[in-house]
$ cat my_file_22.txt   # compact mmCIF, C-alpha atoms and all ligand atoms
# COMPACT_ATOMS: atom_id res chain seq x y z
CA MET A 1 12.60 -6.91 4.71
CA ILE A 2 9.29 -7.24 2.88
CA ASP A 3 8.42 -4.36 0.55
CA PHE A 4 4.64 -4.02 0.58
CA HIS A 5 4.40 -1.72 -2.44
CA VAL A 6 6.12 -2.14 -5.83
CA HIS A 7 5.05 -1.85 -9.47
CA ILE A 8 6.55 -3.11 -12.72
CA GLY A 9 5.21 -2.97 -16.25
CA ARG A 10 4.16 -0.37 -18.78
CA LEU A 11 3.27 2.42 -16.37
CA THR A 12 4.03 5.33 -18.63
CA ARG A 13 3.36 6.36 -22.19
CA VAL A 14 5.88 9.15 -22.57
CA ARG A 15 8.90 9.40 -24.79
CA ARG A 16 11.15 6.42 -24.38
CA TYR A 17 14.30 8.14 -23.19
CA LYS A 18 12.58 9.74 -20.22
CA VAL A 19 11.73 6.63 -18.21
CA TYR A 20 12.62 2.97 -17.92
CA ASP A 21 9.74 0.64 -17.17
CA LEU A 22 10.95 -2.07 -14.83
CA THR A 23 11.26 -5.72 -15.72
CA PRO A 24 10.93 -8.42 -13.05
CA GLN A 25 14.70 -8.98 -13.32
CA GLN A 26 15.48 -5.32 -12.64
CA LEU A 27 13.16 -5.36 -9.66
CA VAL A 28 14.80 -8.41 -8.12
CA GLU A 29 18.31 -7.05 -8.73
CA ARG A 30 17.37 -3.84 -6.93
CA MET A 31 15.87 -5.87 -4.07
CA ASP A 32 19.18 -7.73 -3.77
CA ARG A 33 21.10 -4.45 -3.55
CA GLU A 34 18.74 -2.98 -0.94
CA GLY A 35 18.53 -6.11 1.21
CA ILE A 36 14.84 -6.69 0.48
CA GLU A 37 13.88 -10.34 0.63
CA LYS A 38 10.35 -10.21 -0.79
CA SER A 39 8.18 -7.64 -2.56
CA VAL A 40 4.44 -7.33 -3.05
CA LEU A 41 3.54 -6.58 -6.68
CA LEU A 42 0.58 -4.22 -6.90
CA PRO A 43 -1.07 -4.09 -10.35
CA LEU A 44 -2.69 -0.84 -11.46
CA GLU A 45 -5.67 -1.26 -13.77
CA SER A 46 -7.70 1.95 -13.38
CA PRO A 47 -7.25 4.78 -15.89
CA GLU A 48 -6.86 7.42 -13.16
CA ALA A 49 -3.99 5.52 -11.51
CA VAL A 50 -1.18 5.90 -14.05
CA ALA A 51 -0.84 6.83 -17.71
CA GLY A 52 -0.18 3.19 -18.64
CA TRP A 53 -1.03 -0.05 -16.89
CA PHE A 54 0.31 -2.97 -14.87
CA LEU A 55 -2.05 -5.90 -15.28
CA THR A 56 -2.76 -8.61 -12.72
CA GLU A 57 -1.67 -11.21 -15.28
CA ASP A 58 1.77 -9.54 -15.47
CA ALA A 59 2.09 -9.60 -11.68
CA ILE A 60 1.26 -13.31 -11.67
CA ALA A 61 3.77 -14.03 -14.47
CA ALA A 62 6.54 -12.14 -12.61
CA ARG A 63 5.70 -13.97 -9.37
CA ASP A 64 5.92 -17.27 -11.24
CA LEU A 65 9.42 -16.31 -12.43
CA TYR A 66 10.56 -15.51 -8.88
CA PRO A 67 8.17 -17.36 -6.57
CA GLU A 68 10.50 -17.09 -3.58
CA ARG A 69 10.92 -13.31 -3.98
CA LEU A 70 7.68 -11.87 -5.38
CA ILE A 71 4.10 -11.95 -4.08
CA ALA A 72 1.25 -11.16 -6.47
CA PHE A 73 -1.78 -9.11 -5.52
CA MET A 74 -4.65 -8.54 -7.93
CA SER A 75 -6.15 -5.31 -9.11
CA LEU A 76 -9.45 -4.89 -10.90
CA ASP A 77 -11.10 -1.68 -11.93
CA PRO A 78 -14.29 -1.63 -9.84
CA ARG A 79 -16.26 -0.39 -12.88
CA SER A 80 -15.31 -3.40 -15.01
CA ARG A 81 -17.52 -6.41 -15.55
CA ARG A 82 -17.77 -9.49 -13.34
CA VAL A 83 -15.52 -8.12 -10.62
CA ALA A 84 -16.60 -10.62 -7.95
CA GLU A 85 -16.13 -13.56 -10.30
CA MET A 86 -12.68 -12.37 -11.40
CA PHE A 87 -11.73 -11.87 -7.76
CA ASP A 88 -12.56 -15.50 -6.96
CA MET A 89 -10.55 -16.69 -9.94
CA TYR A 90 -7.42 -14.71 -9.04
CA VAL A 91 -7.48 -15.97 -5.45
CA GLU A 92 -8.45 -19.56 -6.07
CA ASP A 93 -6.62 -20.29 -9.34
CA TYR A 94 -3.69 -17.86 -9.25
CA ASP A 95 -2.92 -17.54 -5.54
CA CYS A 96 -3.15 -13.75 -5.38
CA ARG A 97 -2.61 -12.79 -1.75
CA GLY A 98 -4.48 -9.51 -1.60
CA PHE A 99 -6.02 -6.64 -3.53
CA GLY A 100 -4.31 -3.45 -4.67
CA GLU A 101 -3.41 -0.93 -5.48
CA LEU A 102 -6.93 0.48 -5.35
CA LYS A 103 -6.59 3.89 -7.02
CA ASN A 104 -9.40 5.40 -9.06
CA GLY A 105 -11.80 8.34 -9.25
CA LEU A 106 -14.57 6.85 -7.07
CA ALA A 107 -15.49 7.71 -3.49
CA PHE A 108 -13.88 5.44 -0.92
CA ASP A 109 -17.22 3.92 0.08
CA ASP A 110 -18.70 3.68 -3.45
CA GLU A 111 -20.90 0.61 -3.89
CA ARG A 112 -18.60 -0.72 -6.59
CA HIS A 113 -15.70 -0.59 -4.13
CA GLN A 114 -17.77 -2.47 -1.61
CA VAL A 115 -17.98 -5.50 -3.93
CA ILE A 116 -14.18 -5.69 -3.57
CA TYR A 117 -14.14 -5.00 0.18
CA ALA A 118 -16.73 -7.75 0.68
CA LYS A 119 -14.56 -10.22 -1.22
CA CYS A 120 -11.47 -9.29 0.83
CA ASP A 121 -13.62 -9.74 3.93
CA GLU A 122 -14.76 -13.17 2.74
CA TYR A 123 -11.20 -14.38 2.05
CA ARG A 124 -9.62 -12.36 4.93
CA LEU A 125 -7.22 -10.58 2.60
CA PRO A 126 -5.31 -7.29 2.83
CA LEU A 127 -6.23 -4.41 0.49
CA VAL A 128 -3.80 -1.60 -0.39
CA PHE A 129 -5.52 1.70 -1.17
CA HIS A 130 -4.38 5.08 -2.40
CA SER A 131 -6.10 8.16 -0.97
CA ASP A 132 -5.90 11.62 -2.50
CA PRO A 133 -8.14 14.48 -3.54
CA GLY A 134 -10.34 12.95 -6.23
CA LEU A 135 -8.86 9.45 -5.85
CA CYS A 136 -10.68 6.98 -3.58
CA TYR A 137 -11.70 10.24 -1.97
CA ASP A 138 -13.01 10.97 1.51
CA GLU A 139 -13.95 13.94 3.70
CA VAL A 140 -12.21 15.60 6.63
CA GLY A 141 -11.99 13.00 9.41
CA LEU A 142 -12.08 10.10 6.89
CA PRO A 143 -15.68 9.07 7.70
CA ARG A 144 -15.99 6.95 4.55
CA LEU A 145 -12.91 4.94 5.51
CA GLU A 146 -14.16 4.52 9.07
CA SER A 147 -17.53 3.16 7.96
CA MET A 148 -15.81 0.62 5.68
CA LEU A 149 -13.50 -0.46 8.54
CA GLN A 150 -16.62 -1.16 10.56
CA ARG A 151 -18.58 -2.90 7.81
CA TYR A 152 -15.74 -5.18 6.58
CA PRO A 153 -13.80 -6.14 9.71
CA ARG A 154 -11.93 -9.08 8.12
CA CYS A 155 -10.61 -7.00 5.24
CA THR A 156 -7.33 -5.42 6.34
CA PHE A 157 -7.20 -1.93 4.82
CA CYS A 158 -3.60 -0.78 4.22
CA GLY A 159 -3.47 2.99 3.78
CA HIS A 160 -1.13 4.87 1.46
CA GLY A 161 -0.92 8.10 -0.52
CA PRO A 162 -0.78 11.84 0.19
CA GLY A 163 -4.46 12.03 1.15
CA PHE A 164 -4.07 9.24 3.69
CA TRP A 165 -0.85 10.45 5.24
CA ALA A 166 -1.85 14.13 5.41
CA ALA A 167 -4.59 12.96 7.81
CA ILE A 168 -1.93 12.03 10.34
CA SER A 169 -2.28 15.68 11.39
CA GLY A 170 -5.34 17.21 13.05
CA ASP A 171 -5.28 20.15 10.62
CA ASP A 172 -5.80 17.99 7.49
CA ASP A 173 -8.19 19.79 5.13
CA ARG A 174 -8.23 17.09 2.40
CA SER A 175 -6.07 19.09 0.02
CA GLY A 176 -3.45 16.32 0.15
CA GLY A 177 0.11 17.10 -0.87
CA TYR A 178 3.15 16.78 1.35
CA PRO A 179 2.56 19.05 4.36
CA LYS A 180 5.69 19.93 6.30
CA GLY A 181 6.22 20.93 9.89
CA PRO A 182 4.71 19.86 13.19
CA VAL A 183 1.85 17.38 13.29
CA ALA A 184 -1.24 18.94 14.89
CA PRO A 185 -2.93 16.93 17.67
CA ASP A 186 -5.91 14.63 17.11
CA GLY A 187 -5.00 13.36 13.64
CA VAL A 188 -7.55 10.84 12.45
CA VAL A 189 -4.98 8.32 11.13
CA ASP A 190 -3.61 8.00 14.67
CA ARG A 191 -7.09 7.41 16.12
CA LEU A 192 -8.23 4.92 13.46
CA LEU A 193 -5.01 2.87 13.77
CA ALA A 194 -5.62 2.66 17.52
CA GLU A 195 -9.32 1.80 17.27
CA TYR A 196 -9.50 -0.62 14.32
CA ASP A 197 -7.54 -3.88 14.15
CA ASN A 198 -8.17 -3.98 10.38
CA LEU A 199 -6.38 -0.72 9.55
CA TYR A 200 -2.65 -0.77 8.74
CA ALA A 201 -0.49 1.96 7.19
CA ILE A 202 2.33 1.69 4.65
CA PHE A 203 5.14 4.20 5.20
CA ASP A 204 6.00 4.26 1.51
CA ALA A 205 6.45 6.69 -1.36
CA GLY A 206 7.04 10.41 -0.78
CA SER A 207 3.91 10.74 1.35
CA GLY A 208 4.60 8.05 3.95
CA HIS A 209 8.21 9.12 4.27
CA ASN A 210 7.19 12.77 4.63
CA ALA A 211 4.61 11.92 7.29
CA LEU A 212 7.16 10.10 9.45
CA THR A 213 9.95 12.65 9.04
CA ARG A 214 8.08 15.99 9.24
CA ASP A 215 7.96 16.02 13.05
CA PRO A 216 10.50 13.67 14.71
CA ASP A 217 9.12 14.19 18.23
CA PHE A 218 5.64 13.17 17.10
CA THR A 219 7.01 10.24 15.11
CA LEU A 220 8.55 8.54 18.13
CA GLY A 221 5.20 8.41 19.93
CA PHE A 222 3.42 7.36 16.75
CA LEU A 223 5.84 4.44 16.30
CA GLU A 224 5.42 3.48 19.93
CA ARG A 225 1.64 3.34 19.52
CA HIS A 226 1.50 1.70 16.09
CA HIS A 227 4.67 -0.30 15.33
CA GLU A 228 2.50 -3.41 15.08
CA LYS A 229 0.39 -1.78 12.32
CA LEU A 230 3.05 -0.18 10.11
CA LEU A 231 4.34 -1.75 6.89
CA PHE A 232 7.59 -0.99 5.10
CA GLY A 233 7.11 -0.14 1.42
CA THR A 234 8.82 1.82 -1.31
CA ASP A 235 6.44 2.33 -4.27
CA TYR A 236 9.45 1.40 -6.41
CA LEU A 237 8.47 1.68 -10.08
CA ARG A 238 11.37 3.04 -12.10
CA ALA A 239 15.11 2.68 -12.44
CA PHE A 240 17.25 5.16 -10.51
CA GLN A 241 14.41 5.78 -8.06
CA HIS A 242 15.55 6.98 -4.66
CA LEU A 243 14.19 4.78 -1.85
CA PRO A 244 14.52 6.89 1.32
CA GLN A 245 12.42 4.48 3.38
CA VAL A 246 15.25 1.92 3.38
CA ASP A 247 17.75 4.27 5.04
CA TRP A 248 15.12 5.77 7.33
CA LEU A 249 14.12 2.37 8.70
CA ALA A 250 17.76 1.36 9.20
CA GLN A 251 18.62 4.59 11.02
CA VAL A 252 15.57 5.60 13.07
CA ASP A 253 16.33 5.25 16.77
CA ILE A 254 13.82 2.62 17.92
CA PRO A 255 14.02 -0.78 19.63
CA ALA A 256 15.19 -3.60 17.34
CA GLN A 257 11.95 -5.47 17.85
CA TRP A 258 9.83 -2.57 16.49
CA ARG A 259 12.15 -2.35 13.50
CA ARG A 260 11.72 -6.06 12.77
CA GLN A 261 7.96 -5.81 13.02
CA MET A 262 7.82 -2.82 10.65
CA ALA A 263 10.35 -4.35 8.24
CA CYS A 264 8.71 -7.75 7.89
CA GLY A 265 6.81 -9.18 10.87
CA ASN A 266 3.59 -7.23 10.30
CA ALA A 267 3.65 -7.94 6.58
CA GLN A 268 4.28 -11.64 7.17
CA ARG A 269 1.19 -11.81 9.36
CA LEU A 270 -0.98 -10.22 6.63
CA LEU A 271 0.48 -12.31 3.82
CA ASP A 272 0.01 -15.54 5.65
CA PHE A 273 3.33 -17.23 4.89
CA GLY A 274 4.41 -20.37 6.61
CA ASP A 275 2.42 -22.40 4.13
CA GLN A 276 3.45 -22.34 0.48
CA ARG A 277 6.08 -19.65 0.43
ZN ZN A 301 1.81 2.74 -5.99

$ encode --input "my_file_22.txt" --output "structure tokens" --more "lines below"
Ligand SMILES: [Zn+2]
Amino acid sequence: MIDFHVHIGRLTRVRRYKVYDLTPQQLVERMDREGIEKSVLLPLESPEAVAGWFLTEDAIAARDLYPERLIAFMSLDPRSRRVAEMFDMYVEDYDCRGFGELKNGLAFDDERHQVIYAKCDEYRLPLVFHSDPGLCYDEVGLPRLESMLQRYPRCTFCGHGPGFWAAISGDDDRSGGYPKGPVAPDGVVDRLLAEYDNLYAIFDAGSGHNALTRDPDFTLGFLERHHEKLLFGTDYLRAFQHLPQVDWLAQVDIPAQWRRQMACGNAQRLLDFGDQR
């Protein structure tokens, strides 16, 4: 399995006994226990993302400790200086394989985001984004996302977060959260996955797991339509964290080939292995 969404580092600034920030060693030991071969490290550098930080440099250092197990993405706050130049450096000098997690208080199609999308398009890299009310925000029907899918066709946008997954249902009103119960017809996530080769979805965290378990009858059809566009991920970031996606993927009643694609085949294609690692 390839986990497309993990974080380590100083993510919190609360009292010490309440949380345990993960070290690279703890991450790899948990991967061993869960049967996860490789994980994608997603730095978080925007102040709205978490109370602390996980810098790109720390992702690179962890990857260099475990180059056969960890893959480093980069993250840059789009409001920081020399974003395009830093992007080139992290790809060309440090072998970062994608961008993410993009999670900040700007609109999804903000001009400062488009500097990053254009770079991903230039290098043909995947980008992991978080969508929520007020975070990389969009309107009902996700028109901002759709226009970026059209404008940057060689950037592969990988969707995640309550605001993304709530839009699996036709009754999404952009309030986010973890809606339960039947999925209403004509959800925009379903349509965009079908229409755009450069949109993928990560069934990670509470939101992705909720979206694929809230309506089992809907889920089967959704997996049939999109098993080549779905990525396994956990959003693992602290010790003792429950990872329901692992059991769900092992148990869901689908053909073995779909399971393989969702567990690693789709990720492998985006991460472009076969060369160095
Ligand atoms: Zn995350």

$ residues_around --input "my_file_22.txt" --residues "Thr213 (chain A)" --least-positions-apart "5" --cutoff "9 Å" --atoms "all atoms listed in the file" --output "JSON, numbers by chain"
{"A": [180, 208, 219, 248]}

$ write_last_selection --input "my_file_22.txt" --atoms "C-alpha atoms" --output "mmCIF file, keeping the file's coordinate frame"
data_model
loop_
_atom_site.group_PDB
_atom_site.id
_atom_site.type_symbol
_atom_site.label_atom_id
_atom_site.label_comp_id
_atom_site.auth_asym_id
_atom_site.auth_seq_id
_atom_site.Cartn_x
_atom_site.Cartn_y
_atom_site.Cartn_z
ATOM 1 C CA LYS A 180 5.690 19.930 6.300
ATOM 2 C CA GLY A 208 4.600 8.050 3.950
ATOM 3 C CA THR A 219 7.010 10.240 15.110
ATOM 4 C CA TRP A 248 15.120 5.770 7.330
#

$ axis_aligned_box --input "my_file_22.txt" --around "region 171-179 of chain A" --padding-each-side "5 Å" --output "JSON"
{"center_x": -2.5, "center_y": 18.2, "center_z": 4.9, "size_x": 21.4, "size_y": 13.8, "size_z": 21.5}

$ closest_residue --input "my_file_22.txt" --among "A:Tyr66, A:Phe54, A:Tyr236, A:Phe222" --to "Ile254 (chain A)" --atoms "all atoms listed in the file"
A:Phe222

$ closest_atom_pairs --input "my_file_22.txt" --of "chain A" --to "ligand ZN 301 (chain A)" --cutoff "7 Å" --atoms "only C-alpha atoms and all ligand atoms" --output "tab-separated table"
residue	atom	partner	partner_atom	distance
A:His5	CA	A:ZN301	ZN	6.3
A:Val6	CA	A:ZN301	ZN	6.5
A:His7	CA	A:ZN301	ZN	6.6
A:Glu101	CA	A:ZN301	ZN	6.4
A:Asp235	CA	A:ZN301	ZN	5.0

$ closest_residue --input "my_file_22.txt" --among "A:Arg13, A:Arg63, A:Arg79, A:His242" --to "Ala51 (chain A)" --atoms "all atoms listed in the file"
A:Arg13

$ residues_around --input "my_file_22.txt" --residues "region 145-161 of chain A" --least-positions-apart "3" --cutoff "9 Å" --atoms "all atoms listed in the file" --output "number ranges by chain"
A: 108-109, 114, 117-132, 138, 141-142, 164-166, 176, 192, 196-208, 230-231, 270

$ write_last_selection --input "my_file_22.txt" --atoms "C-alpha atoms" --output "PDB file, in the frame of the given file"
ATOM      1  CA  PHE A 108     -13.880   5.440  -0.920  1.00  0.00           C
ATOM      2  CA  ASP A 109     -17.220   3.920   0.080  1.00  0.00           C
ATOM      3  CA  GLN A 114     -17.770  -2.470  -1.610  1.00  0.00           C
ATOM      4  CA  TYR A 117     -14.140  -5.000   0.180  1.00  0.00           C
ATOM      5  CA  ALA A 118     -16.730  -7.750   0.680  1.00  0.00           C
ATOM      6  CA  LYS A 119     -14.560 -10.220  -1.220  1.00  0.00           C
ATOM      7  CA  CYS A 120     -11.470  -9.290   0.830  1.00  0.00           C
ATOM      8  CA  ASP A 121     -13.620  -9.740   3.930  1.00  0.00           C
ATOM      9  CA  GLU A 122     -14.760 -13.170   2.740  1.00  0.00           C
ATOM     10  CA  TYR A 123     -11.200 -14.380   2.050  1.00  0.00           C
ATOM     11  CA  ARG A 124      -9.620 -12.360   4.930  1.00  0.00           C
ATOM     12  CA  LEU A 125      -7.220 -10.580   2.600  1.00  0.00           C
ATOM     13  CA  PRO A 126      -5.310  -7.290   2.830  1.00  0.00           C
ATOM     14  CA  LEU A 127      -6.230  -4.410   0.490  1.00  0.00           C
ATOM     15  CA  VAL A 128      -3.800  -1.600  -0.390  1.00  0.00           C
ATOM     16  CA  PHE A 129      -5.520   1.700  -1.170  1.00  0.00           C
ATOM     17  CA  HIS A 130      -4.380   5.080  -2.400  1.00  0.00           C
ATOM     18  CA  SER A 131      -6.100   8.160  -0.970  1.00  0.00           C
ATOM     19  CA  ASP A 132      -5.900  11.620  -2.500  1.00  0.00           C
ATOM     20  CA  ASP A 138     -13.010  10.970   1.510  1.00  0.00           C
ATOM     21  CA  GLY A 141     -11.990  13.000   9.410  1.00  0.00           C
ATOM     22  CA  LEU A 142     -12.080  10.100   6.890  1.00  0.00           C
ATOM     23  CA  PHE A 164      -4.070   9.240   3.690  1.00  0.00           C
ATOM     24  CA  TRP A 165      -0.850  10.450   5.240  1.00  0.00           C
ATOM     25  CA  ALA A 166      -1.850  14.130   5.410  1.00  0.00           C
ATOM     26  CA  GLY A 176      -3.450  16.320   0.150  1.00  0.00           C
ATOM     27  CA  LEU A 192      -8.230   4.920  13.460  1.00  0.00           C
ATOM     28  CA  TYR A 196      -9.500  -0.620  14.320  1.00  0.00           C
ATOM     29  CA  ASP A 197      -7.540  -3.880  14.150  1.00  0.00           C
ATOM     30  CA  ASN A 198      -8.170  -3.980  10.380  1.00  0.00           C
ATOM     31  CA  LEU A 199      -6.380  -0.720   9.550  1.00  0.00           C
ATOM     32  CA  TYR A 200      -2.650  -0.770   8.740  1.00  0.00           C
ATOM     33  CA  ALA A 201      -0.490   1.960   7.190  1.00  0.00           C
ATOM     34  CA  ILE A 202       2.330   1.690   4.650  1.00  0.00           C
ATOM     35  CA  PHE A 203       5.140   4.200   5.200  1.00  0.00           C
ATOM     36  CA  ASP A 204       6.000   4.260   1.510  1.00  0.00           C
ATOM     37  CA  ALA A 205       6.450   6.690  -1.360  1.00  0.00           C
ATOM     38  CA  GLY A 206       7.040  10.410  -0.780  1.00  0.00           C
ATOM     39  CA  SER A 207       3.910  10.740   1.350  1.00  0.00           C
ATOM     40  CA  GLY A 208       4.600   8.050   3.950  1.00  0.00           C
ATOM     41  CA  LEU A 230       3.050  -0.180  10.110  1.00  0.00           C
ATOM     42  CA  LEU A 231       4.340  -1.750   6.890  1.00  0.00           C
ATOM     43  CA  LEU A 270      -0.980 -10.220   6.630  1.00  0.00           C
TER      44      LEU A 270
END

$ closest_residue --input "my_file_22.txt" --among "A:Gln261, A:Gln241, A:Thr56, A:Ser39" --to "Asp21 (chain A)" --atoms "all atoms listed in the file"
A:Gln241

$ atom_distance --input "my_file_22.txt" --atom1 "CA of Pro24 (chain A)" --atom2 "CA of Cys96 (chain A)"
16.9 Å
